[in-house]
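Engineer: Before anything else, here's the structure in question.
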Amino acid sequence: MMGSHVGEVLAILLFAATIGGVMIGFPVAFTLAGMSLIFAVIGHLFGTFDFTLFFGLPSRYYGTMVNEVLVAVPLFVFMGVMLERSKIATALLETMGQLFGPLRGGLGISVVVVGALLAASTGIVGATVVTMGLLSLPAMLRAGYDPRLATGVVCASGTLGQIVPPSVVLIFLGDILASANTMAQLAKGNFSPDPVSVGDLFAGAMIPGMMLVCIYIGYVIFQAIVNPKSCPPLVMTAEERRTLPLRVLSALIPPLLLIIAVLGSILSGIATPTESASIGALGAMLLAATKRQLTWVNLRDVMRSTMMISSLVFVIVLGASVFSLVFRGLGGELLVDDVLSAMPGGAGGAVLAVMALMFVLGFFLDTFEIILIVVPITAPVLLGLDVDPIWLGVMIGVNLQTSFLTPPVGFALFYLRGVAPPQVTTGHIYRGIVPFVGLQMLAMVFIWTVPQSATWLPEVIFGEGRNVVRDAPVTPDDGGLDSDPTLESPAAGSGSGGGSVLDDLLGGQDLMLPDEEEGGSGGGSGAPSGERRQKQSSGSVLDDLLKNEELMVPD
């Protein structure tokens, strides 16, 4: 019992030390792996961690490399960088600004519209914010816009790429939630769970993403009514008005065609997200060629940027695999299960606690850091409490969008500060973003109270069979999620990775906690935790599956 308490304390200290190391500026991937190795040594000295757990790392890394879903990440990054180099964003900002500019607040509306179009065609937050900061922000200031409103609109619109498909964030979220949902359903005795895919999450995020666009536009209109001086209209010449329709069509049609090709192929079921990402990458090259921007120099720069961005993301994934393995080996997973299951309000209270934690961490950590540290730990427990995985993924996506906007580590604020004119101060940017953070929280409240806003479209597109089969609530006697302590980390991916669920279970049996046969040392105390460990020591989930005559192993 003492060993289990020591393991729990070490798991908590590992989480806190990792967050602290990232906050003070150490590289994320090396902080995740380095802190985990340090605490693994400490745990081994106290007899609460078994070094043989590290034998599972090669299979996790291999699962990352062969995971077909994650192949979409570099392809979408390539598409976004290529579109940024093809000057499509520049043409959109100039023409949309002139289209809406004669209206009071029209420039702000045009920035939101362009932000949504770029989010659906590129999904690169940094490039979008910088481009709009270089082009739209000076135009808005020359027209007499309040610097706070102008900077707030640019930052908030630039972060729409976090939630509007195709989003790289949603790809990672979908992969993690797919794996967590499969294991949660197996632990509850559902041996044929309905799969959760990245396409489901893309469909689920469509309505909330468009809702955020409408909320931002509504706020700009509200400011134009109550404070007209903050967003005056744009003055245009007669020649600009005469040529505007043709310029709008030439700037708007190419990205719309790309959006239809990418999202349409996913939502119609014609192509998987990975296949549609390849379509998008090819389409971006064709659009660059039509703009005469597909040169060898540009192609080389795009490929180099794609390699750098993808490498940065995936090295964090590999570091997160070490963190996840050590955290669970110390018994942190059982501790999280006990804490969230005991939250007042049941599943709602547990989700609220996780959302609050992510919101606070968003002030200090990047989106990917939160996804790869927090989601793999908490998602299996929440899904075991019958939380809809699509709704949960959309809530997390909207919540983490605020991490780009909240100081002191809001990257969208830094991007804009670097390209803003001298008359725009950091105070203007910070004060300007406050209303938009509030609007995002309002959107979260709406999605919470109306979950159909996230679940209706996937059910319509992919059919009612998408819904996760709901069994009886998890109880300690059922073994809970902890019947299998080898729940895969994001590196392992979902079933679309390198093998079947049975392969994952076989590959993860070496991750059993070392002292289980003596009563369990993985963490937690009291009767529920003891019953769970007794369940583990008497037989794993794999044993239960092999005893089930109806087990169907996928090819």
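Residue numbering restarts at 1 in every chain; chains get A, B, ... in the order shown in the structure tokens, and ligands count up from 1 in that same order.
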Find the residues around Val394 in chain A up to 8 Å (only C-alpha atoms counted), leave out those fewer than 6 positions away in its own chain, and share them as a list in words.
Structural biologist: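 Here the answer would be Ile163, Leu201, Gly204, Ala205, Pro208 and Ala454 of chain A.
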Engineer: Using only C-alpha atoms, which residues of range 94-201 of chain A come within 9 Å of range 243-252 of chain A, and what is the closest atom pair for each, with the distance in Å to one decimal? Give it as a Markdown table, sorted by chain and residue number.
Structural biologist:
```
| residue | atom | partner | partner_atom | distance |
| --- | --- | --- | --- | --- |
| A:Thr95 | CA | A:Val248 | CA | 5.5 |
| A:Met96 | CA | A:Val248 | CA | 7.0 |
| A:Gln98 | CA | A:Leu244 | CA | 7.5 |
| A:Leu99 | CA | A:Leu244 | CA | 7.2 |
| A:Leu117 | CA | A:Leu252 | CA | 9.0 |
```
Engineer: Keeping only C-alpha atoms, write the selected residues to a file as a short mmCIF file (atom, residue, chain, number, x, y, z; two decimals), in the first residue's frame.
Structural biologist:
```cif
data_model
loop_
_atom_site.label_atom_id
_atom_site.label_comp_id
_atom_site.auth_asym_id
_atom_site.auth_seq_id
_atom_site.Cartn_x
_atom_site.Cartn_y
_atom_site.Cartn_z
CA THR A 95 -10.71 41.82 -52.45
CA MET A 96 -12.82 40.84 -49.43
CA GLN A 98 -13.00 46.09 -50.61
CA LEU A 99 -16.18 44.01 -50.93
CA LEU A 117 -11.68 30.58 -45.71
#
```
Engineer: Using only C-alpha atoms, find the one residue out of A:Leu413, A:Ile373, A:Met132, A:Ala350 that sits nearest to Leu325 in chain A.
Structural biologist: A:Ile373
Engineer: Counting only C-alpha atoms, give me one row per residue of range 297-341 of chain A with an atom at most 12 Å from an atom of range 173-195 of chain A, showing the shortest contact pair and its distance in Å to one decimal, sorted by chain then residue number, as CSV.
Structural biologist:
```
residue,atom,partner,partner_atom,distance
A:Val317,CA,A:Ile176,CA,11.2
A:Ser321,CA,A:Ile176,CA,11.9
A:Asp337,CA,A:Ala184,CA,11.9
```
Engineer: Could the residues in this selection be saved with N, CA, C and O atoms as a PDB file, in the first residue's frame?
Structural biologist:
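Result went into part_5.pdb, see below:
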```
ATOM      1  N   VAL A 317       5.386  14.089 -30.155  1.00  0.00           N
ATOM      2  CA  VAL A 317       4.598  12.864 -30.011  1.00  0.00           C
ATOM      3  C   VAL A 317       5.452  11.749 -29.408  1.00  0.00           C
ATOM      4  O   VAL A 317       5.015  11.018 -28.509  1.00  0.00           O
ATOM      5  N   SER A 321       5.051   9.885 -25.714  1.00  0.00           N
ATOM      6  CA  SER A 321       4.909   8.441 -25.506  1.00  0.00           C
ATOM      7  C   SER A 321       5.656   7.995 -24.252  1.00  0.00           C
ATOM      8  O   SER A 321       5.164   7.173 -23.482  1.00  0.00           O
ATOM      9  N   ASP A 337      -8.315   8.138 -12.753  1.00  0.00           N
ATOM     10  CA  ASP A 337      -9.609   7.442 -12.800  1.00  0.00           C
ATOM     11  C   ASP A 337     -10.370   7.655 -11.499  1.00  0.00           C
ATOM     12  O   ASP A 337     -11.566   7.979 -11.498  1.00  0.00           O
TER      13      ASP A 337
END
```
Engineer: Could you pull the residues within 9 Å of Phe359 in chain A, counting only C-alpha atoms, minus those fewer than 6 positions along the same chain, as an NGL selection string?
Structural biologist: :A and (399-400 or 402-403)
Engineer: Which residue is closest to Gly269 in chain A? Choose from A:Ala16, A:Ala203, A:Val226, A:Leu118 and count only C-alpha atoms.
Structural biologist: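 Closest to Gly269 in chain A, using only C-alpha atoms: A:Ala203.
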Engineer: Near Ser453 in chain A, within 12 Å and counting only C-alpha atoms, which residues show up once chain neighbours fewer than 6 positions away are dropped, as a list in words?
Structural biologist: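 In the requested form, the answer reads Ala203, Gly204, Ala205, Met206, Ile207, Pro208, Gly209, Met210, Met211, Ile390, Trp391, Leu392, Val394, Met395, Ala443, Met444, Val445, Phe446, Ile447, Glu459 and Val460 of chain A.
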Engineer: Neighbouring residues of range 272-275 of chain A were defined as those with any atom within 8 Å, considering only C-alpha atoms; residues of the same chain fewer than 4 positions away were excluded. Please report them as a PyMOL selection string.
Structural biologist: chain A and resi 68-72+75+198-199+265-266+279
Engineer: Can you check which parts of range 142-248 of chain A lie within 7 Å of range 430-433 of chain A? Per residue, the shortest pair of atoms and distance in Å to one decimal, counting only C-alpha atoms, sorted by chain and number, as a tab-separated table.
Structural biologist:
```
residue	atom	partner	partner_atom	distance
A:Arg148	CA	A:Gly432	CA	4.0
A:Leu149	CA	A:Gly432	CA	5.5
A:Thr151	CA	A:Gly432	CA	6.0
A:Gly152	CA	A:Ile433	CA	4.5
```
Engineer: Store the residues of this selection in a file with N, CA, C and O atoms, as a PDB file, in the first residue's frame.
Structural biologist:
```pdb
ATOM      1  N   ARG A 148      -7.683  48.234 -30.604  1.00  0.00           N
ATOM      2  CA  ARG A 148      -8.068  47.058 -29.818  1.00  0.00           C
ATOM      3  C   ARG A 148      -9.006  46.150 -30.612  1.00  0.00           C
ATOM      4  O   ARG A 148      -8.838  44.925 -30.628  1.00  0.00           O
ATOM      5  N   LEU A 149      -9.989  46.751 -31.291  1.00  0.00           N
ATOM      6  CA  LEU A 149     -10.907  45.947 -32.095  1.00  0.00           C
ATOM      7  C   LEU A 149     -10.174  45.324 -33.278  1.00  0.00           C
ATOM      8  O   LEU A 149     -10.368  44.142 -33.592  1.00  0.00           O
ATOM      9  N   THR A 151      -6.923  44.541 -33.677  1.00  0.00           N
ATOM     10  CA  THR A 151      -6.021  43.452 -33.289  1.00  0.00           C
ATOM     11  C   THR A 151      -6.796  42.237 -32.787  1.00  0.00           C
ATOM     12  O   THR A 151      -6.410  41.093 -33.054  1.00  0.00           O
ATOM     13  N   GLY A 152      -7.890  42.464 -32.076  1.00  0.00           N
ATOM     14  CA  GLY A 152      -8.696  41.343 -31.585  1.00  0.00           C
ATOM     15  C   GLY A 152      -9.297  40.544 -32.719  1.00  0.00           C
ATOM     16  O   GLY A 152      -9.293  39.308 -32.698  1.00  0.00           O
TER      17      GLY A 152
END
```
